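This is my_file-v4.txt. It holds compact mmCIF, C-alpha atoms and all ligand atoms.
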```txt
# COMPACT_ATOMS: atom_id res chain seq x y z
CA MET A 1343 25.26 8.82 8.47
CA THR A 1344 22.62 6.11 8.24
CA VAL A 1345 22.30 3.38 5.67
CA LEU A 1346 18.98 4.99 4.85
CA THR A 1347 20.65 8.08 3.42
CA ARG A 1348 23.34 6.00 1.75
CA SER A 1349 20.72 3.85 0.07
CA ASN A 1350 18.98 6.91 -1.32
CA PRO A 1351 21.80 8.96 -2.81
CA SER A 1352 20.98 12.18 -4.62
CA LYS A 1353 22.30 10.75 -7.88
CA ALA A 1354 19.90 7.83 -7.68
CA PRO A 1355 17.50 7.57 -10.61
CA ALA A 1356 14.28 9.54 -10.29
CA PRO A 1357 11.35 7.63 -8.81
CA THR A 1358 9.96 5.31 -11.42
CA ALA A 1359 6.39 5.57 -12.58
CA GLN A 1360 5.87 1.82 -12.77
CA PRO A 1361 2.31 1.00 -11.66
CA LEU A 1362 2.17 -0.62 -8.24
CA SER A 1363 0.30 -3.62 -9.60
CA SER A 1364 3.07 -4.47 -12.06
CA ARG A 1365 5.73 -3.90 -9.41
CA TYR A 1366 3.79 -6.18 -7.06
CA HIS A 1367 3.52 -8.91 -9.67
CA ALA A 1368 7.21 -8.60 -10.58
CA PHE A 1369 8.14 -9.08 -6.92
CA LEU A 1370 5.76 -12.02 -6.64
CA SER A 1371 7.45 -13.67 -9.59
CA GLY A 1372 10.81 -13.28 -7.85
CA ASP A 1373 12.09 -10.22 -9.75
CA TYR A 1374 13.25 -7.86 -7.01
CA THR A 1375 15.63 -5.75 -9.09
CA THR A 1376 13.79 -2.51 -8.27
CA ALA A 1377 12.95 -3.36 -4.66
CA ARG A 1378 15.80 -1.59 -2.88
CA GLN A 1379 15.56 1.69 -4.76
CA TRP A 1380 11.78 1.74 -4.56
CA LEU A 1381 11.83 1.08 -0.82
CA ALA A 1382 14.33 3.90 -0.32
CA GLU A 1383 11.76 6.19 -2.00
CA GLN A 1384 9.06 4.95 0.38
CA PHE A 1385 11.30 5.57 3.41
CA ALA A 1386 11.98 9.10 2.17
CA LYS A 1387 8.20 9.66 2.27
CA ALA A 1388 7.94 8.02 5.69
CA SER A 1389 10.63 10.25 7.17
CA ALA A 1390 8.23 13.20 6.90
CA MET A 1391 5.30 11.38 8.52
CA ALA A 1392 4.28 11.35 12.19
CA ASP A 1393 3.96 8.25 14.38
CA ASP A 1394 2.88 7.32 17.90
CA LEU A 1395 5.97 5.35 18.95
CA PRO A 1396 7.58 6.13 22.32
CA ASP A 1397 10.90 8.00 22.44
CA THR A 1398 13.03 4.99 23.30
CA PRO A 1399 12.79 1.23 22.71
CA ASP A 1400 12.66 0.43 26.43
CA GLN A 1401 9.22 2.05 26.59
CA LEU A 1402 7.77 -0.21 23.88
CA GLN A 1403 6.27 -2.79 26.26
CA ALA A 1404 4.31 -0.13 28.14
CA TRP A 1405 3.32 1.50 24.83
CA SER A 1406 2.04 -1.81 23.48
CA ALA A 1407 0.12 -2.57 26.69
CA ARG A 1408 -1.54 0.88 26.52
CA HIS A 1409 -2.42 0.30 22.88
CA ALA A 1410 -3.95 -3.12 23.67
CA ALA A 1411 -5.95 -1.69 26.59
CA GLN A 1412 -7.28 1.12 24.43
CA VAL A 1413 -8.32 -1.28 21.67
CA ALA A 1414 -10.02 -3.51 24.25
CA ALA A 1415 -11.94 -0.54 25.70
CA GLU A 1416 -13.05 0.67 22.26
CA HIS A 1417 -14.09 -2.84 21.34
CA ALA A 1418 -16.14 -3.16 24.53
CA ALA A 1419 -17.83 0.16 23.69
CA TYR A 1420 -18.57 -1.11 20.18
CA LEU A 1421 -20.13 -4.32 21.52
CA ALA A 1422 -22.23 -2.33 24.00
CA GLN A 1423 -23.51 -0.11 21.18
CA ARG A 1424 -24.40 -3.14 19.14
CA ARG A 1425 -26.25 -4.72 22.05
CA GLU A 1426 -28.25 -1.50 22.31
CA GLY A 1427 -29.28 -1.90 18.69
CA ALA A 1428 -26.69 0.15 16.77
CA PRO A 1429 -26.24 -1.05 13.17
CA ARG A 1430 -23.04 -2.67 11.95
CA ARG A 1431 -20.26 -0.08 11.88
CA TYR A 1432 -18.41 -1.34 8.80
CA PHE A 1433 -20.45 -3.52 6.51
CA ALA A 1434 -23.91 -2.37 5.46
CA ASN A 1435 -24.54 -5.70 3.76
CA ARG A 1436 -22.85 -8.88 2.62
CA ALA A 1437 -21.83 -7.45 -0.77
CA HIS A 1438 -19.96 -4.71 1.09
CA ALA A 1439 -17.99 -7.32 3.05
CA LEU A 1440 -17.19 -9.37 -0.07
CA TRP A 1441 -16.01 -6.21 -1.80
CA PHE A 1442 -13.71 -5.43 1.14
CA LEU A 1443 -12.25 -8.95 1.24
CA GLN A 1444 -11.30 -8.57 -2.42
CA GLN A 1445 -9.86 -5.07 -1.95
CA VAL A 1446 -7.37 -6.29 0.64
CA ALA A 1447 -6.59 -9.58 -1.11
CA PRO A 1448 -3.26 -8.40 -2.64
CA THR A 1449 -2.01 -7.70 0.90
CA LYS A 1450 -3.53 -10.76 2.55
CA VAL A 1451 -2.13 -13.23 0.05
CA VAL A 1452 1.43 -12.18 0.89
CA ASP A 1453 0.85 -12.21 4.65
CA GLY A 1454 4.17 -12.23 6.48
CA ALA A 1455 6.29 -11.61 3.35
CA TRP A 1456 8.26 -8.75 4.95
CA LEU A 1457 9.97 -11.27 7.26
CA HIS A 1458 11.22 -13.66 4.60
CA GLY A 1459 14.78 -12.32 4.75
CA ALA A 1460 15.05 -13.23 8.45
CA LEU A 1461 15.10 -16.94 7.52
CA ARG A 1462 18.77 -16.72 6.48
CA HIS A 1463 19.75 -15.77 10.03
CA TRP A 1464 18.58 -19.00 11.60
CA GLN A 1465 21.91 -19.49 13.32
CA ASP A 1466 21.56 -16.20 15.23
CA PRO A 1467 19.16 -16.48 18.21
CA ARG A 1468 18.34 -12.77 18.08
CA TYR A 1469 16.38 -13.50 14.89
CA HIS A 1470 14.44 -16.44 16.25
CA GLY A 1471 11.39 -14.39 17.27
CA LEU A 1472 11.07 -12.94 13.75
CA ILE A 1473 11.63 -16.34 12.17
CA ARG A 1474 9.02 -17.95 14.45
CA THR A 1475 6.56 -15.22 13.45
CA TYR A 1476 7.22 -15.90 9.77
CA LEU A 1477 6.90 -19.66 10.22
CA GLU A 1478 3.57 -19.18 11.98
CA GLU A 1479 2.36 -17.05 9.06
CA LEU A 1480 3.29 -20.10 6.93
CA GLY A 1481 1.51 -22.44 9.34
CA ASP A 1482 4.80 -24.33 9.78
CA GLY A 1483 4.10 -25.84 6.37
CA ASP A 1484 0.68 -27.22 7.33
CA PRO A 1485 -1.72 -26.21 4.54
CA HIS A 1486 -4.52 -25.94 7.09
CA CYS A 1487 -2.64 -23.27 9.06
CA ASN A 1488 -0.86 -21.33 6.29
CA HIS A 1489 -2.35 -17.82 6.45
CA VAL A 1490 -2.14 -17.23 2.71
CA LEU A 1491 -3.94 -20.49 1.99
CA ILE A 1492 -6.58 -19.74 4.63
CA TYR A 1493 -7.32 -16.46 2.87
CA GLN A 1494 -7.32 -18.06 -0.58
CA ARG A 1495 -9.74 -20.73 0.63
CA LEU A 1496 -11.96 -18.05 2.11
CA LEU A 1497 -12.10 -16.19 -1.22
CA GLY A 1498 -12.77 -19.48 -3.01
CA ARG A 1499 -15.68 -20.39 -0.75
CA LEU A 1500 -17.15 -16.95 -1.31
CA GLY A 1501 -16.90 -17.29 -5.09
CA CYS A 1502 -14.36 -14.45 -5.27
CA LEU A 1503 -11.35 -16.29 -6.68
CA GLU A 1504 -11.19 -14.54 -10.03
CA GLY A 1505 -10.69 -11.19 -8.30
CA LEU A 1506 -12.03 -7.74 -9.04
CA PRO A 1507 -10.13 -5.21 -11.10
CA LEU A 1508 -8.60 -3.12 -8.30
CA GLU A 1509 -7.29 0.41 -8.06
CA ASP A 1510 -3.52 0.52 -8.26
CA GLU A 1511 -3.16 1.65 -4.66
CA ARG A 1512 -4.56 -1.65 -3.43
CA TYR A 1513 -1.17 -3.17 -4.37
CA LEU A 1514 0.88 -0.71 -2.33
CA GLN A 1515 1.09 -2.54 1.00
CA GLY A 1516 1.61 -5.92 -0.64
CA ALA A 1517 4.45 -4.49 -2.75
CA VAL A 1518 6.00 -2.94 0.38
CA GLN A 1519 5.84 -6.28 2.17
CA LEU A 1520 7.38 -8.25 -0.67
CA ALA A 1521 10.13 -5.68 -1.16
CA LEU A 1522 11.00 -5.64 2.54
CA GLY A 1523 11.28 -9.43 2.54
CA SER A 1524 13.93 -9.25 -0.15
CA CYS A 1525 16.04 -6.45 1.38
CA VAL A 1526 17.00 -7.61 4.86
CA GLU A 1527 20.70 -6.91 4.36
CA TRP A 1528 19.98 -3.22 3.73
CA PHE A 1529 16.85 -2.51 5.70
CA LEU A 1530 16.84 -4.70 8.80
CA PRO A 1531 15.85 -1.89 11.24
CA GLU A 1532 13.05 -0.75 8.93
CA ILE A 1533 11.77 -4.33 8.60
CA ILE A 1534 11.75 -4.66 12.38
CA GLY A 1535 9.81 -1.39 12.59
CA TYR A 1536 7.32 -2.40 9.91
CA ASN A 1537 6.78 -5.69 11.72
CA LEU A 1538 6.23 -3.84 14.98
CA GLY A 1539 3.42 -1.80 13.43
CA TYR A 1540 1.81 -4.63 11.47
CA GLU A 1541 1.65 -7.03 14.39
CA GLN A 1542 -0.18 -4.76 16.86
CA PRO A 1543 -3.79 -6.00 16.72
CA PRO A 1544 -5.97 -3.03 15.67
CA LEU A 1545 -9.59 -2.29 16.56
CA HIS A 1546 -10.71 -2.79 12.97
CA LEU A 1547 -9.58 -6.42 13.14
CA LEU A 1548 -11.96 -7.09 16.04
CA ILE A 1549 -14.88 -5.28 14.42
CA THR A 1550 -14.29 -6.98 11.08
CA THR A 1551 -14.22 -10.41 12.76
CA HIS A 1552 -17.50 -9.68 14.53
CA GLU A 1553 -19.34 -8.30 11.52
CA LEU A 1554 -18.19 -10.97 9.06
CA ALA A 1555 -19.59 -13.67 11.35
CA GLU A 1556 -22.82 -11.71 11.58
CA LEU A 1557 -23.06 -11.71 7.78
CA GLY A 1558 -22.59 -15.45 7.59
CA ILE A 1559 -18.97 -15.21 6.40
CA ASP A 1560 -16.38 -17.38 8.07
CA GLY A 1561 -14.09 -14.92 9.85
CA HIS A 1562 -11.49 -17.52 10.82
CA TYR A 1563 -8.68 -15.64 9.06
CA PHE A 1564 -9.42 -12.52 11.10
CA GLN A 1565 -10.15 -14.36 14.36
CA LEU A 1566 -6.83 -16.16 13.99
CA HIS A 1567 -5.00 -12.82 13.91
CA VAL A 1568 -6.75 -11.60 17.04
CA THR A 1569 -5.14 -14.47 18.90
CA ILE A 1570 -1.85 -15.06 17.10
CA ASP A 1571 -0.79 -11.38 17.14
CA ASN A 1572 -1.68 -10.85 20.83
CA ALA A 1573 0.41 -8.41 22.82
CA ALA A 1574 1.11 -10.75 25.75
CA SER A 1575 3.01 -13.52 23.99
CA GLY A 1576 2.09 -13.42 20.31
CA HIS A 1577 3.60 -11.76 17.25
CA SER A 1578 3.16 -8.35 18.79
CA SER A 1579 5.37 -9.14 21.79
CA LYS A 1580 7.92 -10.94 19.59
CA ALA A 1581 8.07 -7.80 17.46
CA ILE A 1582 9.06 -5.73 20.49
CA GLN A 1583 11.67 -8.27 21.56
CA ALA A 1584 13.18 -8.09 18.08
CA VAL A 1585 13.63 -4.32 18.37
CA GLN A 1586 15.38 -4.74 21.69
CA GLN A 1587 17.49 -7.77 20.79
CA LEU A 1588 18.70 -6.50 17.43
CA CYS A 1589 19.37 -2.93 18.54
CA PRO A 1590 23.18 -2.45 18.29
CA ALA A 1591 25.00 -1.16 21.36
CA GLN A 1592 26.50 1.56 19.18
CA ASP A 1593 24.29 3.78 17.09
CA ALA A 1594 21.18 2.76 19.00
CA GLU A 1595 19.58 6.09 18.15
CA VAL A 1596 20.15 5.74 14.44
CA PHE A 1597 18.79 2.21 14.60
CA TYR A 1598 15.63 3.30 16.41
CA ARG A 1599 15.08 6.20 14.00
CA ARG A 1600 15.16 3.71 11.16
CA VAL A 1601 12.79 1.40 13.06
CA ARG A 1602 10.38 4.38 13.15
CA HIS A 1603 10.61 4.85 9.39
CA GLY A 1604 9.73 1.22 8.87
CA TYR A 1605 6.89 1.46 11.37
CA ARG A 1606 5.43 4.40 9.46
CA LEU A 1607 5.30 2.45 6.20
CA ASN A 1608 2.22 0.77 7.65
CA ASP A 1609 0.44 4.10 7.25
CA LEU A 1610 1.21 4.53 3.54
CA GLY A 1611 -1.96 4.32 1.50
CA THR A 1612 -5.54 4.21 2.68
CA ASP A 1613 -6.26 2.90 6.19
CA THR A 1614 -8.72 0.04 6.59
CA PRO A 1615 -11.74 1.89 8.08
CA THR A 1616 -11.48 4.59 5.39
CA LEU A 1617 -11.21 1.99 2.65
CA ILE A 1618 -14.29 0.20 3.99
CA SER A 1619 -16.24 3.47 4.08
CA THR A 1620 -15.66 4.13 0.37
CA PHE A 1621 -17.89 1.24 -0.73
CA ASP A 1622 -20.81 2.32 -2.94
CA LEU A 1623 -23.21 -0.53 -3.65
CA GLU A 1624 -24.86 0.92 -6.75
CA ALA A 1625 -21.52 2.04 -8.21
CA GLN A 1626 -20.15 -1.47 -7.74
CA LEU A 1627 -23.22 -3.01 -9.33
CA LEU A 1628 -22.86 -0.69 -12.32
CA ALA A 1629 -19.15 -1.54 -12.54
CA ALA A 1630 -20.03 -5.25 -12.53
CA LEU A 1631 -22.61 -4.65 -15.27
CA GLU A 1632 -20.07 -2.71 -17.28
CA ARG A 1633 -17.69 -5.68 -17.11
CA LYS A 1634 -20.46 -7.88 -18.56
CA ARG A 1635 -21.78 -5.32 -21.03
CA VAL A 1636 -19.04 -5.82 -23.60
CA PHE A 1637 -19.79 -9.55 -23.76
CA GLY A 1638 -23.53 -9.29 -23.24
CA GLN A 1639 -24.49 -6.67 -25.79
CA PHE A 1640 -24.86 -9.13 -28.66
CA MET A 1641 -26.01 -12.13 -26.68
CA HIS A 1642 -29.68 -11.36 -26.22
CA ALA A 1643 -32.48 -12.15 -28.63
CA ASP A 1644 -34.32 -9.09 -29.92
CA ARG A 1645 -37.51 -10.26 -28.28
CA CYS A 1646 -35.86 -9.45 -24.92
CA ARG A 1647 -37.24 -5.94 -24.54
CA LEU A 1648 -37.44 -3.54 -21.70
CA GLN A 1649 -39.38 -0.33 -22.16
CA GLN A 1650 -39.34 -0.43 -25.97
CA ARG A 1651 -35.60 -1.08 -26.17
CA THR A 1652 -33.98 -4.42 -26.77
CA VAL A 1653 -31.58 -5.64 -24.09
CA ASN A 1654 -28.81 -5.46 -26.70
CA GLN A 1655 -29.58 -1.76 -27.14
CA TRP A 1656 -29.54 -1.18 -23.39
CA LEU A 1657 -26.13 -2.80 -23.23
CA SER A 1658 -24.67 -1.01 -26.24
CA GLU A 1659 -23.25 1.93 -24.25
CA PRO A 1660 -22.05 2.37 -20.65
CA SER A 1661 -24.11 5.51 -20.09
CA ALA A 1662 -27.33 3.51 -20.52
CA LEU A 1663 -26.64 1.19 -17.59
CA PRO A 1664 -28.17 3.35 -14.79
CA GLY A 1665 -31.26 3.68 -16.98
CA PHE A 1666 -31.27 -0.08 -17.47
CA LEU A 1667 -31.45 -0.58 -13.70
CA GLN A 1668 -34.32 1.90 -13.47
CA ALA A 1669 -36.11 0.20 -16.34
CA LEU A 1670 -35.87 -3.17 -14.57
CA VAL A 1671 -37.59 -1.58 -11.58
CA ALA A 1672 -40.16 0.37 -13.65
CA GLN A 1673 -41.09 -2.75 -15.60
CA GLY A 1674 -41.66 -4.61 -12.33
CA TRP A 1675 -38.87 -7.12 -12.94
CA ILE A 1676 -37.20 -5.90 -9.77
CA LYS A 1677 -39.03 -5.08 -6.56
CA ARG A 1678 -36.64 -3.16 -4.39
CA GLY A 1679 -36.89 -3.32 -0.61
CA GLN A 1680 -38.26 -6.86 -0.69
CA ASN A 1681 -36.92 -10.37 -0.57
CA PRO A 1682 -35.01 -10.69 -3.89
CA ALA A 1683 -36.74 -14.06 -4.41
CA ASP A 1684 -39.92 -12.03 -5.11
CA SER A 1685 -38.29 -10.37 -8.12
CA ARG A 1686 -38.55 -11.93 -11.57
CA TRP A 1687 -35.05 -10.67 -12.38
CA TRP A 1688 -33.58 -12.66 -9.49
CA SER A 1689 -35.08 -15.88 -10.82
CA LEU A 1690 -33.34 -15.17 -14.15
CA ILE A 1691 -29.89 -14.96 -12.60
CA ASP A 1692 -29.91 -17.20 -9.52
CA GLY A 1693 -30.03 -20.97 -9.29
CA PRO A 1694 -28.73 -23.77 -11.51
CA GLY A 1695 -31.86 -23.73 -13.67
CA ALA A 1696 -31.87 -19.95 -14.16
CA PRO A 1697 -31.75 -18.80 -17.80
CA MET A 1698 -28.74 -16.60 -17.03
CA PHE A 1699 -26.99 -19.14 -14.80
CA GLY A 1700 -23.27 -18.42 -14.54
CA VAL A 1701 -23.42 -14.93 -16.03
CA PHE A 1702 -22.84 -13.32 -12.63
CA ASN A 1703 -20.36 -14.74 -10.14
CA ALA A 1704 -21.13 -15.10 -6.43
CA TYR A 1705 -19.92 -11.60 -5.56
CA GLU A 1706 -21.87 -10.00 -8.42
CA LYS A 1707 -25.02 -11.87 -7.45
CA GLN A 1708 -24.54 -10.59 -3.91
CA LEU A 1709 -24.41 -7.04 -5.33
CA TRP A 1710 -27.73 -7.64 -7.11
CA HIS A 1711 -29.19 -9.28 -4.04
CA ASP A 1712 -28.29 -6.43 -1.70
CA TRP A 1713 -29.24 -3.72 -4.20
CA ILE A 1714 -32.65 -5.31 -4.62
CA ALA A 1715 -33.14 -6.09 -0.92
CA GLY A 1716 -32.21 -2.60 0.32
CA ASP A 1717 -33.49 -2.39 3.88
CA TRP A 1718 -35.24 -5.75 3.69
CA GLN A 1719 -33.26 -7.97 6.01
CA SER A 1720 -32.66 -11.58 5.31
CA THR A 1721 -31.99 -13.74 8.33
CA VAL A 1722 -28.33 -14.50 7.97
CA ARG A 1723 -27.04 -17.52 9.77
CA ARG A 1724 -24.32 -16.46 12.19
CA VAL A 1725 -21.20 -18.49 11.58
CA PRO A 1726 -18.79 -19.34 14.37
CA PRO A 1727 -15.30 -18.42 13.17
CA GLY A 1728 -13.35 -21.34 11.79
CA SER A 1729 -16.28 -23.66 11.26
CA TRP A 1730 -15.42 -24.35 7.65
CA GLU A 1731 -11.72 -24.39 8.35
CA ALA A 1732 -12.21 -26.92 11.15
CA ALA A 1733 -13.95 -29.23 8.70
CA LEU A 1734 -10.94 -28.98 6.43
CA HIS A 1735 -8.44 -29.82 9.13
CA GLN A 1736 -6.14 -32.57 8.20
CA GLN A 1737 -2.57 -33.11 9.26
CA PRO A 1738 -0.05 -33.02 6.43
CA ASN A 1739 1.19 -36.46 5.59
CA GLY A 1740 4.47 -37.34 7.19
CA GLU A 1741 7.22 -36.65 4.71
CA GLN A 1742 7.69 -39.96 3.01
CA ARG A 1743 10.76 -39.03 1.11
CA HIS A 1744 13.33 -36.60 2.49
CA GLU A 1745 14.75 -34.94 -0.58
CA VAL A 1746 18.19 -33.53 0.23
CA ILE A 1747 17.98 -29.84 -0.65
CA ASP A 1748 20.34 -27.14 0.52
CA ILE A 1749 18.95 -24.57 2.87
CA GLU A 1750 19.28 -21.67 0.40
CA THR A 1751 16.96 -23.47 -1.99
CA LEU A 1752 14.50 -24.15 0.80
CA ILE A 1753 14.52 -20.47 1.75
CA GLU A 1754 13.94 -19.44 -1.87
CA ARG A 1755 10.93 -21.73 -2.02
CA MET A 1756 9.46 -19.95 1.02
CA ALA A 1757 9.56 -16.44 -0.54
CA GLY A 1758 6.64 -14.20 -1.57
CA ASN A 1759 3.70 -16.54 -1.52
CA GLN A 1760 5.51 -19.52 -3.03
CA HIS A 1761 5.31 -21.06 0.44
CA ALA A 1762 1.57 -21.61 -0.03
CA LEU A 1763 2.16 -24.01 -2.95
CA PRO A 1764 2.79 -27.71 -2.26
CA GLN A 1765 6.52 -27.35 -2.94
CA GLY A 1766 6.72 -24.34 -0.62
CA LEU A 1767 4.83 -26.10 2.17
CA ALA A 1768 7.23 -29.04 1.91
CA ALA A 1769 10.19 -26.62 1.91
CA THR A 1770 8.84 -25.00 5.10
CA ARG A 1771 8.65 -28.35 6.84
CA ALA A 1772 12.16 -29.25 5.63
CA TYR A 1773 13.46 -25.88 6.87
CA LEU A 1774 12.02 -26.60 10.31
CA ARG A 1775 13.79 -29.96 10.40
CA ALA A 1776 17.08 -28.58 9.10
CA THR A 1777 17.24 -25.64 11.49
CA GLY A 1778 15.63 -27.22 14.54
CA LEU A 1779 13.36 -24.19 14.77
CA GLY A 1780 10.08 -26.12 14.89
CA GLU A 1781 7.94 -25.67 17.99
CA GLU A 1782 7.13 -28.75 20.02
CA GLY A 1783 3.63 -29.23 21.31
CA PRO A 1784 2.92 -30.23 24.90
CA HIS A 1785 3.78 -33.84 25.74
FE FE A 1801 -0.88 -13.61 9.41
FE FE A 1802 1.10 -12.02 12.66
```

Do you think you could lay out the structure here as structure tokens?
Ligand SMILES: [Fe+2]
Ligand SMILES: [Fe+2]
Amino acid sequence: MTVLTRSNPSKAPAPTAQPLSSRYHAFLSGDYTTARQWLAEQFAKASAMADDLPDTPDQLQAWSARHAAQVAAEHAAYLAQRREGAPRRYFANRAHALWFLQQVAPTKVVDGAWLHGALRHWQDPRYHGLIRTYLEELGDGDPHCNHVLIYQRLLGRLGCLEGLPLEDERYLQGAVQLALGSCVEWFLPEIIGYNLGYEQPPLHLLITTHELAELGIDGHYFQLHVTIDNAASGHSSKAIQAVQQLCPAQDAEVFYRRVRHGYRLNDLGTDTPTLISTFDLEAQLLAALERKRVFGQFMHADRCRLQQRTVNQWLSEPSALPGFLQALVAQGWIKRGQNPADSRWWSLIDGPGAPMFGVFNAYEKQLWHDWIAGDWQSTVRRVPPGSWEAALHQQPNGEQRHEVIDIETLIERMAGNQHALPQGLAATRAYLRATGLGEEGPH
């Protein structure tokens, strides 16, 4: 009998209906009381799913090499299509990309969290590959290299810090990752399996990196994962080593079955290309307007009229918003299919001297921009990945004061995304010193 079945006994409470977002936030705040039971429910779902793993762990290297070769071939085909003039495959416009970056933010800002529990096993060399992977997600405590911070800085530069209201499912993978990180003593094989799936660089990562740069968005976060997760020596190969090193001599089959269940958790929820394809520019613009409507409906003077109705009247009910957009076009305030700068409406919302300065955030202005521009193409400056990040690069100051803190406390400070705060970054560096698990550079 496996721990999996033991951890999901028939007399266990029925699955709870707690929204994923509140579960995610509870985990982030360090409350993991429901994590084990909830994960057992997710594994029960995963046990009925299919996967593409080989039959035995000794075939994983060949499986990973095949996967990498296939991704490389599909990427080459994508690049060839683009050279022949095919449009971008994922992002129709910049607003689409900004929308996507916000949709996946709950997952990206807990990058690596599923491996947190491995930190306690620093005295066991079989865990060192997983621990090294986790420490690299944390940038070894260097704020410039911490993946969570890199993503948060990216959102900040793009004016997307406040975050969009998201569908509950957007919190699923982040909640899975946080829960796994807190349950290593029960679900080690599943964590190893989840890690194996997450660390295989997918095709969508390569396409996303390419198209973000094309849209003038710094794709450093994505570019970084193309290299750091590589199958030859990166996180992907460490993930395979972990399966092989931590597989017990007895019950190897049970172990590998549980690895599969963990691997399949990567497929819970909507996959990235499907998520990207659900973007609807006009629907997002209307949703942004609806968020403003409640505040804006009493803010306009009655002389602000559009087609016989005051702006306050237009904003008085959600059903009027599509008509409001049409009225802006009919009145000539918006000229679709042209440079937005030619539209009077744009001059009202964009620029520090605009009468409506600050009403729409950077993402919302991008929605307006792209809705107005339509097929009119602006010349976007292509950005080499990491150009902004390189400018930020600065070595952390040498630790002036070595506070004596026990290792358990250090590990606690590296959980969830606490490691991206100053105290967590310092704890990561102290953990490296205490365990001797830091990596030396060439000398
Ligand atoms: Fe990462
Ligand atoms: Fe990774």

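Residues in contact range of Pro1361 in chain A, defined as at most 12 Å between only C-alpha atoms, with sequence neighbours fewer than 6 positions away removed, read His1367, Ala1368, Trp1380, Glu1509, Asp1510, Glu1511, Arg1512, Tyr1513, Leu1514 and Ala1517 of chain A.
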
So that I can check the surroundings of Cys1589 in chain A, please list as a PyMOL selection string every protein, DNA and RNA residue that reaches within 12 Å of it, counting all atoms listed in the file and ignoring chain neighbours fewer than 6 positions away. chain A and resi 1398-1400+1468-1469+1530-1532+1534-1535+1582-1583+1595-1601

Any residue with an atom at most 6 Å from ligand FE 1802 (chain A) counts, using only C-alpha atoms and all ligand atoms. Which are they? Put them as an mmCIF file with C-alpha atoms, in the frame of the given file.
```
data_model
loop_
_atom_site.group_PDB
_atom_site.id
_atom_site.type_symbol
_atom_site.label_atom_id
_atom_site.label_comp_id
_atom_site.auth_asym_id
_atom_site.auth_seq_id
_atom_site.Cartn_x
_atom_site.Cartn_y
_atom_site.Cartn_z
ATOM 1 C CA GLU A 1541 1.650 -7.030 14.390
ATOM 2 C CA ASP A 1571 -0.790 -11.380 17.140
ATOM 3 C CA HIS A 1577 3.600 -11.760 17.250
#
```

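Nearest-residue note for Glu1632 in chain A: choosing from A:Trp1456, A:Trp1713, A:Phe1564, A:Trp1656, the minimum distance belongs to A:Trp1656, counting all atoms listed in the file.
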
Closest of A:Leu1395, A:Ala1643, A:Ala1411, A:Ile1492 to ligand FE 1801 (chain A) - atom-to-atom distances counting only C-alpha atoms and all ligand atoms: A:Ile1492

Answer as a ChimeraX atom specification, residues within 7 Å of (-34.6, -9.5, -9.3) using all atoms listed in the file: /A:1675-1677,1682,1685-1689,1714

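Nearest-residue note for Leu1547 in chain A: choosing from A:Leu1566, A:Val1490, A:Leu1779, A:Val1451, the minimum distance belongs to A:Leu1566, counting all atoms listed in the file.
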
Within 12 Å of ligand FE 1801 (chain A), which residues show up when you count only C-alpha atoms and all ligand atoms? List them as a compact mmCIF listing (two decimals) with C-alpha atoms, keeping the file's coordinate frame, please.
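The resulting out28.txt:
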```
# COMPACT_ATOMS: atom_id res chain seq x y z
CA THR A 1449 -2.01 -7.70 0.90
CA LYS A 1450 -3.53 -10.76 2.55
CA VAL A 1451 -2.13 -13.23 0.05
CA VAL A 1452 1.43 -12.18 0.89
CA ASP A 1453 0.85 -12.21 4.65
CA GLY A 1454 4.17 -12.23 6.48
CA ALA A 1455 6.29 -11.61 3.35
CA TRP A 1456 8.26 -8.75 4.95
CA LEU A 1457 9.97 -11.27 7.26
CA ARG A 1474 9.02 -17.95 14.45
CA THR A 1475 6.56 -15.22 13.45
CA TYR A 1476 7.22 -15.90 9.77
CA LEU A 1477 6.90 -19.66 10.22
CA GLU A 1478 3.57 -19.18 11.98
CA GLU A 1479 2.36 -17.05 9.06
CA LEU A 1480 3.29 -20.10 6.93
CA GLY A 1481 1.51 -22.44 9.34
CA CYS A 1487 -2.64 -23.27 9.06
CA ASN A 1488 -0.86 -21.33 6.29
CA HIS A 1489 -2.35 -17.82 6.45
CA VAL A 1490 -2.14 -17.23 2.71
CA LEU A 1491 -3.94 -20.49 1.99
CA ILE A 1492 -6.58 -19.74 4.63
CA TYR A 1493 -7.32 -16.46 2.87
CA ASN A 1537 6.78 -5.69 11.72
CA TYR A 1540 1.81 -4.63 11.47
CA GLU A 1541 1.65 -7.03 14.39
CA GLN A 1542 -0.18 -4.76 16.86
CA PRO A 1543 -3.79 -6.00 16.72
CA LEU A 1547 -9.58 -6.42 13.14
CA HIS A 1562 -11.49 -17.52 10.82
CA TYR A 1563 -8.68 -15.64 9.06
CA PHE A 1564 -9.42 -12.52 11.10
CA GLN A 1565 -10.15 -14.36 14.36
CA LEU A 1566 -6.83 -16.16 13.99
CA HIS A 1567 -5.00 -12.82 13.91
CA VAL A 1568 -6.75 -11.60 17.04
CA THR A 1569 -5.14 -14.47 18.90
CA ILE A 1570 -1.85 -15.06 17.10
CA ASP A 1571 -0.79 -11.38 17.14
CA ASN A 1572 -1.68 -10.85 20.83
CA GLY A 1576 2.09 -13.42 20.31
CA HIS A 1577 3.60 -11.76 17.25
CA SER A 1578 3.16 -8.35 18.79
```

Which of these residues is nearest to Arg1378 in chain A, using only C-alpha atoms: A:Leu1508, A:Leu1362, A:Ala1419, A:Val1526? A:Val1526

Of the residues A:Asn1608, A:Leu1667, A:Leu1767, A:His1603, which is the one nearest to Glu1383 in chain A, using only C-alpha atoms? A:His1603
